[in-house]
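Peer 1: Just passing along the structure, written as C-alpha cells.
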Amino acid sequence: MVTNSAAVAVSVSASKIIPLSMTAILGLFIVGFVGFSPLEVVHNAAHDTRHSLAFPCH
Amino acid sequence: MSLFRNIVFTAVIAGLLSGLLMTVMQHFSTVPLILQAETYEKAEPAAAHSHSHEATPAGGAAAPAADHHHDAEAWSPADGAERFIYTAAADILSAIGFGLVLVAIAEAFGGFGGWRRGLMFGIAGFLTVSLAPGLGLPPELPGMPAAELGPRQIWWISTALCTAIGLGLLAYTRSAALAALAIVLLVAPHLVGAPLPPSHETDVPMELYARFVNAVYATNLVFWAVLGALTAIVREKFRAGEDVAVRPAAGLGAR
C-alpha cells in the first residue's frame with residue numbers, strides 16, 4: 001500500500017512537469033513582451049508601466 | 001491539460017484584479033511624477049539627451065528637442081485617457097504574466113494551500129522582481145541618465161534569477177552548504193554591480209525622484225502582496241478536471 005501511493009505521488013508530480021513549465025514559460029514570455037521588448041511601439045504603449053515597475057527603460 | 005487551463009484561469013483572474021488595483025495606485029502615485037519628470041526631459045537640449053539616439057545626425061538641429069519617445073514616427077498613446085488605458089492594459093498583462101510564473105512555481109513546490117502561503121509567495125516575488133534588481137538599478141524617471149539598455153536588462157534579469165533561486169534554496173532546503181550557496185546567489189549580483197551611467201547629472205529634481213522611488217516600492221509591495229494572496233485564493237476555486245488524488249505531498253503540506 002505504502003509503496004503504491006508513493007509511486008502514484010511520483011508519477012503525478014512527473015505529469016505536472018510539462019503543464020507547469022508551459023505555464024511558467026507563457027508567464028515569462030508575457031512579462032518579457034511588456035517589460036523588455038525592444039519594439040518602439042511596445043515601449044511607448046507600456047511606458048508608464050515599465051517605469052512604475054522599475055524595469056530598465058530607454 | 002486541465003492543470004494548465006486551471007492555472008491560466010487563476011492567473012488571468014488574479015492578474016486582472018491586482019493589475020487593475022496597481023493601475024489605480026499608480027494613477028495617483030507614480031504616473032503624476034512621471035508626467036512631471038517628462039517636462040524636464042523635454043526641456044533638455046537634444047544633444048544632452050540621455051537616450052543618445054545614435055541615428056540622429058550630428059547636425060541635430062533638424063531633430064526638434066527630441067520628444068521623449070525616440071523616433072518621431074513611432075506611435076505612442078496620446079496623453080490622457082488613451083495613455084491610461086494602455087498603462088492599464090500593460091499593468092494587467094504584467095500581472096497575469098507574474099501570476100502565471102507564481103502559480104507554476106508554487107505548484108511545483110506542493111501548491112499554495114491557503115492565502116497565507118500565497119502572500120508569502122507574493123512577498124518573495126516583490127523581493128525578486130522589485131527590491132533586489134532595484135538595489136542596483138533603482139527605479140528611473142524619464143530624463144534621468146542611465147547606462148546602455150542592453151547590459152542593464154541583462155543585469156536585471158540575472159539578478160532576479162539569482163534572487164529567485166537563492167530565496168527558493170533558503171525556503172526549501174535544509175543543508176548548510178545550500179544555505180551558503182543561497183546567500184552567495186543573493187549577494188553576488190550586487191558585488192558584480194549594475195551597469196552605471198557615465199554621469200548622474202539630470203534636470204529632474206532629487207525631491208521628485210525620491211518621491212518616485214518611494215511610490216514605486218510602495219505600490220509594488222502592495223501589488224505583489226495582493227497578487228500572491230489572490231492567486232492562492234482563486235487557485236483553490238479552479239481545480240476542475242484535476243485528479244482528486246493530487247494532493248500536496250505530506251512532507252511539503254506540513255511545511
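Each chain of the C-alpha cells is named A, B, ... in the order shown, its residues numbered from 1; ligands are numbered from 1 in display order.
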Please return, as an MDAnalysis selection string, all residues of range 99-187 of chain B that DSSP assigns to alpha helix (DSSP H) on the basis of the backbone.
Peer 2: chainID B and resid 99:108 115:126 132:136 149:172 176:187
Peer 1: Restricted to C-alpha atoms, what would the selected residues look like written as a tab-separated table (two decimals), in the first residue's frame?
Peer 2:
chain	number	residue	atom	x	y	z
B	99	GLY	CA	0.76	35.36	-11.76
B	100	LEU	CA	1.43	32.50	-14.21
B	101	VAL	CA	5.02	32.19	-13.03
B	102	LEU	CA	3.98	32.47	-9.38
B	103	VAL	CA	1.39	29.67	-9.62
B	104	ALA	CA	3.73	27.45	-11.64
B	105	ILE	CA	6.47	27.74	-9.02
B	106	ALA	CA	4.05	27.31	-6.13
B	107	GLU	CA	2.50	24.19	-7.71
B	108	ALA	CA	5.94	22.71	-8.31
B	115	TRP	CA	-3.91	32.65	1.11
B	116	ARG	CA	-1.21	32.97	3.77
B	117	ARG	CA	1.30	30.95	1.77
B	118	GLY	CA	0.21	32.90	-1.32
B	119	LEU	CA	1.01	36.13	0.50
B	120	MET	CA	4.49	34.77	1.30
B	121	PHE	CA	4.98	33.88	-2.36
B	122	GLY	CA	3.85	37.37	-3.32
B	123	ILE	CA	6.34	38.99	-0.97
B	124	ALA	CA	9.05	36.72	-2.36
B	125	GLY	CA	8.03	37.99	-5.80
B	126	PHE	CA	8.44	41.57	-4.60
B	132	ALA	CA	16.74	43.06	-5.47
B	133	PRO	CA	17.08	44.50	-9.00
B	134	GLY	CA	16.19	47.91	-7.55
B	135	LEU	CA	19.21	47.83	-5.22
B	136	GLY	CA	21.46	48.10	-8.26
B	149	LEU	CA	19.80	49.48	-22.11
B	150	GLY	CA	21.07	46.01	-23.09
B	151	PRO	CA	23.55	45.48	-20.23
B	152	ARG	CA	21.02	46.85	-17.74
B	153	GLN	CA	18.36	44.40	-18.91
B	154	ILE	CA	20.85	41.53	-18.65
B	155	TRP	CA	21.88	42.58	-15.14
B	156	TRP	CA	18.24	42.98	-14.14
B	157	ILE	CA	17.23	39.53	-15.40
B	158	SER	CA	20.32	37.84	-13.91
B	159	THR	CA	19.70	39.49	-10.53
B	160	ALA	CA	16.05	38.45	-10.48
B	161	LEU	CA	17.01	34.89	-11.42
B	162	CYS	CA	19.77	34.63	-8.78
B	163	THR	CA	17.47	36.10	-6.13
B	164	ALA	CA	14.66	33.69	-7.01
B	165	ILE	CA	16.95	30.67	-6.80
B	166	GLY	CA	18.54	31.98	-3.60
B	167	LEU	CA	15.19	32.52	-1.89
B	168	GLY	CA	13.98	29.12	-3.10
B	169	LEU	CA	17.05	27.39	-1.66
B	170	LEU	CA	16.62	29.18	1.68
B	171	ALA	CA	12.94	28.27	1.87
B	172	TYR	CA	13.01	24.69	0.59
B	176	ALA	CA	24.11	24.46	5.44
B	177	ALA	CA	26.00	24.22	2.15
B	178	LEU	CA	22.90	25.08	0.13
B	179	ALA	CA	22.10	27.94	2.51
B	180	ALA	CA	25.60	29.29	1.90
B	181	LEU	CA	25.08	28.93	-1.85
B	182	ALA	CA	21.78	30.80	-1.48
B	183	ILE	CA	23.49	33.70	0.25
B	184	VAL	CA	26.17	33.80	-2.44
B	185	LEU	CA	23.44	33.93	-5.09
B	186	LEU	CA	21.61	36.72	-3.27
B	187	VAL	CA	24.74	38.84	-2.83
Peer 1: Check every residue of chain A for an atom within 6 Å of chain B, counting only C-alpha atoms, and provide those that qualify as a list in words.
Peer 2: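 Putting it all together, I get Pro19, Leu20, Thr23, Ala24, Gly27, Ile30, Val31, Val41, Asn44, Ala45, Ala46, Thr49, Ser52, Ala54 and Pro56 of chain A.
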Peer 1: Please report the interatomic distance between CA of Tyr40 in chain B and CA of Phe33 in chain A in Å with one decimal.
Peer 2: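 For CA of Tyr40 in chain B relative to CA of Phe33 in chain A, the distance reads 28.4 Å.
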